[in-house]
>>> print(open('protein.tsv').read())   # TSV, N, CA and C atoms and all ligand atoms
chain	number	residue	atom	x	y	z
A	1	MET	N	26.67	73.43	339.47
A	1	MET	CA	25.96	74.25	340.47
A	1	MET	C	25.67	73.41	341.70
A	2	MET	N	25.71	74.04	342.85
A	2	MET	CA	25.43	73.33	344.07
A	2	MET	C	23.94	73.23	344.36
A	3	THR	N	23.17	74.15	343.80
A	3	THR	CA	21.75	74.14	344.14
A	3	THR	C	20.94	74.63	342.96
A	4	ASP	N	19.70	74.16	342.86
A	4	ASP	CA	18.82	74.69	341.83
A	4	ASP	C	17.60	75.35	342.46
A	5	VAL	N	17.68	75.59	343.76
A	5	VAL	CA	16.58	76.28	344.43
A	5	VAL	C	16.81	77.77	344.28
A	6	VAL	N	15.84	78.44	343.75
A	6	VAL	CA	15.99	79.88	343.52
A	6	VAL	C	15.42	80.63	344.71
A	7	GLU	N	16.24	81.50	345.27
A	7	GLU	CA	15.82	82.31	346.40
A	7	GLU	C	14.82	83.34	345.93
A	8	SER	N	13.66	83.41	346.60
A	8	SER	CA	12.66	84.36	346.12
A	8	SER	C	11.98	85.13	347.23
A	9	SER	N	12.42	84.94	348.48
A	9	SER	CA	11.69	85.60	349.56
A	9	SER	C	12.52	86.67	350.26
A	10	GLY	N	13.58	87.09	349.63
A	10	GLY	CA	14.35	88.19	350.19
A	10	GLY	C	15.33	87.79	351.27
A	11	GLY	N	15.58	86.50	351.42
A	11	GLY	CA	16.55	86.04	352.40
A	11	GLY	C	17.95	86.16	351.84
A	12	MET	N	18.87	85.41	352.45
A	12	MET	CA	20.25	85.47	352.01
A	12	MET	C	20.35	84.95	350.60
A	13	ALA	N	20.97	85.71	349.76
A	13	ALA	CA	21.20	85.24	348.41
A	13	ALA	C	22.68	84.96	348.25
A	14	SER	N	23.02	83.87	347.62
A	14	SER	CA	24.43	83.62	347.38
A	14	SER	C	24.59	83.18	345.94
A	15	ARG	N	25.71	83.59	345.38
A	15	ARG	CA	26.00	83.17	344.03
A	15	ARG	C	26.95	82.00	344.12
A	16	LYS	N	26.72	81.03	343.30
A	16	LYS	CA	27.56	79.84	343.36
A	16	LYS	C	28.49	79.79	342.16
A	17	THR	N	29.72	79.38	342.43
A	17	THR	CA	30.65	79.16	341.34
A	17	THR	C	30.65	77.68	341.02
A	18	GLY	N	31.35	77.32	339.98
A	18	GLY	CA	31.35	75.93	339.53
A	18	GLY	C	31.81	74.96	340.60
A	19	ASP	N	32.73	75.37	341.46
A	19	ASP	CA	33.24	74.45	342.47
A	19	ASP	C	32.42	74.49	343.74
A	20	GLY	N	31.29	75.16	343.72
A	20	GLY	CA	30.42	75.18	344.89
A	20	GLY	C	30.78	76.26	345.88
A	21	ASP	N	31.82	77.00	345.61
A	21	ASP	CA	32.20	78.06	346.52
A	21	ASP	C	31.38	79.30	346.18
A	22	THR	N	31.32	80.23	347.12
A	22	THR	CA	30.56	81.45	346.90
A	22	THR	C	31.51	82.57	346.55
A	23	ASP	N	31.18	83.27	345.47
A	23	ASP	CA	32.02	84.40	345.08
A	23	ASP	C	32.04	85.46	346.17
A	24	PRO	N	33.19	85.99	346.51
A	24	PRO	CA	33.20	87.11	347.44
A	24	PRO	C	32.60	88.35	346.81
A	25	ARG	N	31.97	89.16	347.62
A	25	ARG	CA	31.46	90.45	347.16
A	25	ARG	C	32.17	91.53	347.95
A	26	PRO	N	32.21	92.74	347.41
A	26	PRO	CA	32.86	93.82	348.15
A	26	PRO	C	32.23	93.96	349.53
A	27	GLY	N	33.05	94.04	350.56
A	27	GLY	CA	32.54	94.26	351.91
A	27	GLY	C	31.98	93.03	352.59
A	28	ASP	N	32.08	91.86	351.98
A	28	ASP	CA	31.50	90.68	352.62
A	28	ASP	C	32.53	89.83	353.35
A	29	GLY	N	33.72	90.36	353.56
A	29	GLY	CA	34.71	89.60	354.30
A	29	GLY	C	35.84	89.12	353.42
A	30	GLY	N	35.81	89.52	352.19
A	30	GLY	CA	36.88	89.11	351.29
A	30	GLY	C	38.21	89.78	351.61
A	31	GLY	N	38.15	90.94	352.23
A	31	GLY	CA	39.37	91.67	352.54
A	31	GLY	C	39.73	91.52	354.00
A	32	VAL	N	40.76	92.24	354.43
A	32	VAL	CA	41.20	92.18	355.82
A	32	VAL	C	40.52	93.31	356.60
A	33	PRO	N	39.77	92.98	357.67
A	33	PRO	CA	39.10	94.03	358.41
A	33	PRO	C	40.07	94.96	359.11
A	34	ALA	N	39.64	96.20	359.35
A	34	ALA	CA	40.50	97.20	359.98
A	34	ALA	C	40.92	96.76	361.38
A	35	SER	N	40.03	96.01	362.09
A	35	SER	CA	40.30	95.63	363.47
A	35	SER	C	41.12	94.35	363.57
A	36	SER	N	41.71	93.98	362.45
A	36	SER	CA	42.47	92.74	362.39
A	36	SER	C	43.53	92.64	363.49
A	37	THR	N	43.58	91.48	364.16
A	37	THR	CA	44.54	91.32	365.26
A	37	THR	C	45.54	90.20	365.04
A	38	GLY	N	45.40	89.50	363.95
A	38	GLY	CA	46.33	88.41	363.71
A	38	GLY	C	46.00	87.73	362.41
A	39	PRO	N	46.66	86.62	362.14
A	39	PRO	CA	46.40	85.92	360.88
A	39	PRO	C	45.00	85.34	360.85
A	40	GLU	N	44.41	85.29	359.70
A	40	GLU	CA	43.05	84.77	359.56
A	40	GLU	C	43.02	83.33	360.10
A	41	THR	N	42.00	83.05	360.93
A	41	THR	CA	42.01	81.80	361.69
A	41	THR	C	41.10	80.75	361.08
A	42	ALA	N	41.69	79.68	360.62
A	42	ALA	CA	40.98	78.45	360.25
A	42	ALA	C	39.72	78.66	359.42
A	43	GLY	N	39.83	79.51	358.42
A	43	GLY	CA	38.69	79.67	357.51
A	43	GLY	C	37.47	80.30	358.15
A	44	THR	N	37.67	81.10	359.21
A	44	THR	CA	36.53	81.74	359.87
A	44	THR	C	36.14	83.04	359.19
A	45	GLY	N	37.03	83.59	358.37
A	45	GLY	CA	36.72	84.84	357.69
A	45	GLY	C	37.03	86.07	358.52
A	46	THR	N	37.71	85.89	359.64
A	46	THR	CA	38.11	87.04	360.45
A	46	THR	C	39.54	86.84	360.95
A	47	ASN	N	40.19	87.97	361.22
A	47	ASN	CA	41.53	87.91	361.80
A	47	ASN	C	41.49	88.13	363.30
A	48	ASP	N	40.31	88.39	363.83
A	48	ASP	CA	40.17	88.67	365.26
A	48	ASP	C	40.04	87.32	365.99
A	49	SER	N	40.98	87.03	366.88
A	49	SER	CA	41.03	85.69	367.45
A	49	SER	C	39.82	85.39	368.33
A	50	ALA	N	39.30	86.40	369.04
A	50	ALA	CA	38.11	86.17	369.88
A	50	ALA	C	36.90	85.86	369.00
A	51	ALA	N	36.76	86.64	367.94
A	51	ALA	CA	35.64	86.41	367.03
A	51	ALA	C	35.79	85.04	366.36
A	52	ALA	N	37.02	84.68	366.00
A	52	ALA	CA	37.26	83.39	365.36
A	52	ALA	C	36.88	82.25	366.29
A	53	ALA	N	37.22	82.39	367.58
A	53	ALA	CA	36.89	81.33	368.55
A	53	ALA	C	35.38	81.20	368.68
A	54	ARG	N	34.71	82.33	368.72
A	54	ARG	CA	33.24	82.32	368.83
A	54	ARG	C	32.62	81.67	367.59
A	55	ILE	N	33.13	82.03	366.44
A	55	ILE	CA	32.62	81.47	365.18
A	55	ILE	C	32.81	79.96	365.15
A	56	MET	N	33.97	79.52	365.58
A	56	MET	CA	34.24	78.07	365.57
A	56	MET	C	33.30	77.33	366.52
A	57	ALA	N	33.02	77.95	367.67
A	57	ALA	CA	32.10	77.33	368.63
A	57	ALA	C	30.70	77.24	368.04
A	58	ILE	N	30.25	78.31	367.43
A	58	ILE	CA	28.91	78.31	366.82
A	58	ILE	C	28.86	77.28	365.68
A	59	ARG	N	29.94	77.20	364.94
A	59	ARG	CA	29.96	76.25	363.81
A	59	ARG	C	29.83	74.80	364.27
A	60	GLU	N	30.28	74.50	365.48
A	60	GLU	CA	30.11	73.13	365.97
A	60	GLU	C	28.64	72.78	366.02
A	61	ARG	N	27.84	73.69	366.52
A	61	ARG	CA	26.39	73.46	366.61
A	61	ARG	C	25.76	73.42	365.21
A	62	ILE	N	26.23	74.30	364.34
A	62	ILE	CA	25.72	74.29	362.96
A	62	ILE	C	25.99	72.93	362.31
A	63	ASP	N	27.18	72.41	362.52
A	63	ASP	CA	27.52	71.11	361.92
A	63	ASP	C	26.65	70.00	362.49
A	64	GLU	N	26.37	70.09	363.80
A	64	GLU	CA	25.51	69.10	364.45
A	64	GLU	C	24.10	69.17	363.84
A	65	ILE	N	23.61	70.37	363.70
A	65	ILE	CA	22.27	70.56	363.10
A	65	ILE	C	22.25	70.01	361.68
A	66	ASP	N	23.29	70.27	360.92
A	66	ASP	CA	23.32	69.78	359.54
A	66	ASP	C	23.31	68.26	359.50
A	67	ARG	N	24.05	67.63	360.41
A	67	ARG	CA	24.06	66.16	360.43
A	67	ARG	C	22.66	65.64	360.75
A	68	THR	N	22.00	66.30	361.72
A	68	THR	CA	20.64	65.88	362.09
A	68	THR	C	19.68	66.08	360.92
A	69	LEU	N	19.80	67.21	360.25
A	69	LEU	CA	18.92	67.48	359.10
A	69	LEU	C	19.09	66.41	358.03
A	70	ILE	N	20.33	66.04	357.77
A	70	ILE	CA	20.59	65.03	356.74
A	70	ILE	C	19.98	63.69	357.15
A	71	GLU	N	20.18	63.33	358.42
A	71	GLU	CA	19.60	62.07	358.93
A	71	GLU	C	18.08	62.08	358.81
A	72	LEU	N	17.47	63.18	359.24
A	72	LEU	CA	16.02	63.29	359.20
A	72	LEU	C	15.51	63.27	357.75
A	73	TRP	N	16.24	63.95	356.90
A	73	TRP	CA	15.89	63.98	355.47
A	73	TRP	C	15.83	62.56	354.92
A	74	GLN	N	16.90	61.79	355.23
A	74	GLN	CA	16.97	60.43	354.71
A	74	GLN	C	15.90	59.54	355.33
A	75	GLU	N	15.64	59.74	356.63
A	75	GLU	CA	14.61	58.94	357.30
A	75	GLU	C	13.24	59.24	356.68
A	76	ARG	N	12.97	60.52	356.47
A	76	ARG	CA	11.67	60.89	355.91
A	76	ARG	C	11.49	60.30	354.51
A	77	ALA	N	12.53	60.39	353.69
A	77	ALA	CA	12.43	59.85	352.33
A	77	ALA	C	12.15	58.35	352.38
A	78	GLY	N	12.81	57.66	353.28
A	78	GLY	CA	12.59	56.21	353.39
A	78	GLY	C	11.17	55.89	353.82
A	79	LEU	N	10.66	56.65	354.78
A	79	LEU	CA	9.28	56.42	355.26
A	79	LEU	C	8.28	56.71	354.15
A	80	SER	N	8.51	57.79	353.44
A	80	SER	CA	7.61	58.17	352.37
A	80	SER	C	7.58	57.07	351.29
A	81	GLN	N	8.75	56.52	351.00
A	81	GLN	CA	8.81	55.44	350.00
A	81	GLN	C	8.09	54.19	350.50
A	82	GLN	N	8.18	53.93	351.81
A	82	GLN	CA	7.45	52.78	352.38
A	82	GLN	C	5.94	52.97	352.23
A	83	VAL	N	5.48	54.20	352.50
A	83	VAL	CA	4.04	54.46	352.35
A	83	VAL	C	3.63	54.21	350.90
A	84	GLY	N	4.43	54.73	349.96
A	84	GLY	CA	4.11	54.55	348.54
A	84	GLY	C	4.05	53.09	348.16
A	85	ALA	N	5.05	52.31	348.60
A	85	ALA	CA	5.10	50.88	348.25
A	85	ALA	C	3.91	50.15	348.87
A	86	THR	N	3.57	50.49	350.11
A	86	THR	CA	2.44	49.85	350.79
A	86	THR	C	1.14	50.13	350.04
A	87	ARG	N	1.01	51.39	349.62
A	87	ARG	CA	-0.23	51.77	348.95
A	87	ARG	C	-0.35	51.10	347.58
A	88	ILE	N	0.76	51.08	346.86
A	88	ILE	CA	0.72	50.46	345.52
A	88	ILE	C	0.44	48.96	345.65
A	89	ALA	N	1.08	48.32	346.64
A	89	ALA	CA	0.87	46.86	346.83
A	89	ALA	C	-0.58	46.55	347.17
A	90	SER	N	-1.31	47.52	347.72
A	90	SER	CA	-2.70	47.29	348.10
A	90	SER	C	-3.64	47.77	346.99
A	91	GLY	N	-3.07	48.13	345.86
A	91	GLY	CA	-3.90	48.57	344.75
A	91	GLY	C	-4.22	50.06	344.76
A	92	GLY	N	-3.59	50.78	345.66
A	92	GLY	CA	-3.85	52.22	345.77
A	92	GLY	C	-2.97	53.04	344.83
A	93	THR	N	-3.05	54.33	345.00
A	93	THR	CA	-2.28	55.23	344.14
A	93	THR	C	-0.89	55.44	344.72
A	94	ARG	N	0.01	55.83	343.88
A	94	ARG	CA	1.36	56.10	344.36
A	94	ARG	C	1.40	57.38	345.19
A	95	LEU	N	0.69	58.38	344.74
A	95	LEU	CA	0.69	59.68	345.41
A	95	LEU	C	-0.71	60.03	345.91
A	96	VAL	N	-0.76	60.90	346.91
A	96	VAL	CA	-2.04	61.44	347.37
A	96	VAL	C	-1.86	62.97	347.39
A	97	LEU	N	-2.38	63.59	346.35
A	97	LEU	CA	-2.09	65.01	346.17
A	97	LEU	C	-2.69	65.90	347.26
A	98	SER	N	-3.84	65.48	347.83
A	98	SER	CA	-4.44	66.30	348.89
A	98	SER	C	-3.50	66.33	350.11
A	99	ARG	N	-2.88	65.21	350.40
A	99	ARG	CA	-1.91	65.15	351.50
A	99	ARG	C	-0.67	66.00	351.17
A	100	GLU	N	-0.24	65.96	349.94
A	100	GLU	CA	0.92	66.77	349.54
A	100	GLU	C	0.61	68.26	349.67
A	101	ARG	N	-0.62	68.62	349.35
A	101	ARG	CA	-1.01	70.04	349.49
A	101	ARG	C	-0.98	70.45	350.96
A	102	GLU	N	-1.45	69.57	351.84
A	102	GLU	CA	-1.40	69.86	353.29
A	102	GLU	C	0.04	70.12	353.74
A	103	ILE	N	0.95	69.29	353.25
A	103	ILE	CA	2.35	69.42	353.66
A	103	ILE	C	2.95	70.71	353.12
A	104	LEU	N	2.65	71.01	351.87
A	104	LEU	CA	3.14	72.27	351.28
A	104	LEU	C	2.64	73.47	352.07
A	105	GLU	N	1.38	73.40	352.48
A	105	GLU	CA	0.78	74.51	353.23
A	105	GLU	C	1.41	74.62	354.63
A	106	ARG	N	1.66	73.48	355.26
A	106	ARG	CA	2.32	73.48	356.57
A	106	ARG	C	3.67	74.19	356.51
A	107	PHE	N	4.46	73.84	355.50
A	107	PHE	CA	5.79	74.45	355.37
A	107	PHE	C	5.70	75.92	354.96
A	108	ARG	N	4.72	76.23	354.12
A	108	ARG	CA	4.56	77.63	353.70
A	108	ARG	C	4.19	78.50	354.88
A	109	GLN	N	3.27	77.98	355.72
A	109	GLN	CA	2.85	78.76	356.89
A	109	GLN	C	4.02	78.97	357.85
A	110	ALA	N	4.82	77.95	358.04
A	110	ALA	CA	5.92	78.05	359.01
A	110	ALA	C	7.09	78.87	358.48
A	111	LEU	N	7.36	78.75	357.18
A	111	LEU	CA	8.63	79.28	356.65
A	111	LEU	C	8.47	80.20	355.45
A	112	GLY	N	7.24	80.44	355.04
A	112	GLY	CA	7.03	81.31	353.89
A	112	GLY	C	7.41	80.63	352.57
A	113	ALA	N	7.81	81.46	351.61
A	113	ALA	CA	8.09	80.94	350.27
A	113	ALA	C	9.20	79.89	350.29
A	114	ASP	N	10.18	80.09	351.15
A	114	ASP	CA	11.26	79.09	351.25
A	114	ASP	C	10.72	77.75	351.74
A	115	GLY	N	9.71	77.82	352.61
A	115	GLY	CA	9.10	76.59	353.11
A	115	GLY	C	8.46	75.79	351.99
A	116	THR	N	7.83	76.50	351.08
A	116	THR	CA	7.22	75.81	349.94
A	116	THR	C	8.30	75.11	349.12
A	117	GLN	N	9.39	75.81	348.87
A	117	GLN	CA	10.48	75.20	348.09
A	117	GLN	C	11.05	73.98	348.82
A	118	LEU	N	11.22	74.13	350.13
A	118	LEU	CA	11.76	73.01	350.92
A	118	LEU	C	10.82	71.82	350.87
A	119	ALA	N	9.53	72.08	351.02
A	119	ALA	CA	8.56	70.98	351.01
A	119	ALA	C	8.53	70.28	349.65
A	120	LEU	N	8.68	71.06	348.58
A	120	LEU	CA	8.71	70.44	347.25
A	120	LEU	C	9.90	69.49	347.13
A	121	LEU	N	11.03	69.89	347.68
A	121	LEU	CA	12.21	69.01	347.64
A	121	LEU	C	12.01	67.78	348.52
A	122	LEU	N	11.39	67.98	349.69
A	122	LEU	CA	11.11	66.84	350.57
A	122	LEU	C	10.20	65.83	349.88
A	123	LEU	N	9.15	66.34	349.26
A	123	LEU	CA	8.21	65.45	348.58
A	123	LEU	C	8.90	64.72	347.43
A	124	ARG	N	9.74	65.43	346.73
A	124	ARG	CA	10.46	64.79	345.62
A	124	ARG	C	11.38	63.69	346.12
A	125	ALA	N	12.05	63.94	347.26
A	125	ALA	CA	12.97	62.94	347.80
A	125	ALA	C	12.21	61.68	348.20
A	126	GLY	N	10.97	61.84	348.66
A	126	GLY	CA	10.19	60.70	349.08
A	126	GLY	C	9.60	59.91	347.93
A	127	ARG	N	9.46	60.54	346.80
A	127	ARG	CA	8.86	59.87	345.64
A	127	ARG	C	9.82	58.92	344.97
A	128	GLY	N	11.09	59.30	344.97
A	128	GLY	CA	12.04	58.56	344.16
A	128	GLY	C	11.69	58.80	342.70
A	129	PRO	N	12.27	58.02	341.81
A	129	PRO	CA	11.98	58.22	340.39
A	129	PRO	C	10.52	57.90	340.08
A	130	LEU	N	9.86	58.81	339.40
A	130	LEU	CA	8.43	58.58	339.07
A	130	LEU	C	8.29	57.67	337.85
B	1	LIG	C1	3.96	59.42	352.27
B	1	LIG	C2	2.79	59.47	351.60
B	1	LIG	O1	2.74	59.28	350.20
B	1	LIG	C3	3.11	60.30	349.29
B	1	LIG	C4	4.24	61.08	349.82
B	1	LIG	C5	4.01	62.11	350.69
B	1	LIG	C6	5.12	62.66	351.54
B	1	LIG	O2	6.29	62.46	351.21
B	1	LIG	O3	4.82	63.28	352.56
B	1	LIG	C7	2.73	62.65	350.80
B	1	LIG	C8	1.70	62.21	350.05
B	1	LIG	C9	1.85	61.13	349.06
B	1	LIG	O4	1.84	61.66	347.74
B	1	LIG	C10	1.50	59.63	352.31
B	1	LIG	O5	0.45	59.50	351.69
B	1	LIG	O6	1.53	59.93	353.51
>>> encode(input="protein.tsv", output="structure tokens")
Amino acid sequence: MMTDVVESSGGMASRKTGDGDTDPRPGDGGGVPASSTGPETAGTGTNDSAAAARIMAIRERIDEIDRTLIELWQERAGLSQQVGATRIASGGTRLVLSREREILERFRQALGADGTQLALLLLRAGRGPL
């Protein structure tokens, strides 16, 4: 499985297959659209060349965002681990649950139930093995 986060807030749901691909569903682009104008372009899911060009342009920004998210994710995890090591070296606790609750609430307020799930993953990444 590609993910163990369960969608619970009514957003996009996707089913994952063993190879990480998403099963096609009826009407989700698995077939050839009626307005098809040419061969399906570069994995865009459409045969319309104008739509394919637009999709590819948007995907460039999506890829940029994903790279930034990954970088930020890794930076945050590293910082969180530094805080933990600093605190333990000074005789403190590894975790501060009141601070974790604040973070969970921040993400929940901004993003709803998905925010809570995201924050739980962020906190876990920063903890490393307990
Ligand atoms: C990074 C800290 O240590 C731990 C990790 C946290 C985090 O990843 O945000 C929050 C609280 C602590 O359990 C901190 O106290 O700020």
>>> residues_near_ligand(input="protein.tsv", ligand="ligand LIG 1 (chain B)", cutoff="6 Å", atoms="all atoms listed in the file", output="compact mmCIF listing (two decimals) with N, CA and C atoms, in the coordinates of the input")
# COMPACT_ATOMS: atom_id res chain seq x y z
N LEU A 79 10.66 56.65 354.78
CA LEU A 79 9.28 56.42 355.26
C LEU A 79 8.28 56.71 354.15
N SER A 80 8.51 57.79 353.44
CA SER A 80 7.61 58.17 352.37
C SER A 80 7.58 57.07 351.29
N GLN A 81 8.75 56.52 351.00
CA GLN A 81 8.81 55.44 350.00
C GLN A 81 8.09 54.19 350.50
N VAL A 83 5.48 54.20 352.50
CA VAL A 83 4.04 54.46 352.35
C VAL A 83 3.63 54.21 350.90
N GLY A 84 4.43 54.73 349.96
CA GLY A 84 4.11 54.55 348.54
C GLY A 84 4.05 53.09 348.16
N ARG A 94 0.01 55.83 343.88
CA ARG A 94 1.36 56.10 344.36
C ARG A 94 1.40 57.38 345.19
N LEU A 95 0.69 58.38 344.74
CA LEU A 95 0.69 59.68 345.41
C LEU A 95 -0.71 60.03 345.91
N VAL A 96 -0.76 60.90 346.91
CA VAL A 96 -2.04 61.44 347.37
C VAL A 96 -1.86 62.97 347.39
N LEU A 97 -2.38 63.59 346.35
CA LEU A 97 -2.09 65.01 346.17
C LEU A 97 -2.69 65.90 347.26
N ARG A 99 -2.88 65.21 350.40
CA ARG A 99 -1.91 65.15 351.50
C ARG A 99 -0.67 66.00 351.17
N GLU A 100 -0.24 65.96 349.94
CA GLU A 100 0.92 66.77 349.54
C GLU A 100 0.61 68.26 349.67
N LEU A 122 11.39 67.98 349.69
CA LEU A 122 11.11 66.84 350.57
C LEU A 122 10.20 65.83 349.88
N LEU A 123 9.15 66.34 349.26
CA LEU A 123 8.21 65.45 348.58
C LEU A 123 8.90 64.72 347.43
N GLY A 126 10.97 61.84 348.66
CA GLY A 126 10.19 60.70 349.08
C GLY A 126 9.60 59.91 347.93
N ARG A 127 9.46 60.54 346.80
CA ARG A 127 8.86 59.87 345.64
C ARG A 127 9.82 58.92 344.97
>>> atom_distance(input="protein.tsv", atom1="CA of Ile65 in chain A", atom2="atom C of Glu102 in chain A")
24.1 Å
>>> atom_distance(input="protein.tsv", atom1="CA of Leu72 in chain A", atom2="CA of Leu118 in chain A")
13.5 Å
>>> axis_aligned_box(input="protein.tsv", around="range 46-50 of chain A", padding_each_side="3 Å", output="AutoDock Vina command-line options")
--center_x 39.2 --center_y 87.0 --center_z 364.8 --size_x 10.6 --size_y 9.3 --size_z 16.2
>>> atom_distance(input="protein.tsv", atom1="CA of Leu120 in chain A", atom2="CA of Leu104 in chain A")
7.1 Å
>>> closest_residue(input="protein.tsv", among="A:Thr116, A:Glu40, A:Ala77, A:Ala110", to="Ala52 in chain A", atoms="only C-alpha atoms")
A:Glu40
>>> residues_around(input="protein.tsv", residues="range 53-64 of chain A", least_positions_apart="6", cutoff="8 Å", atoms="all atoms listed in the file", output="JSON, numbers by chain")
{"A": [41, 44, 70]}
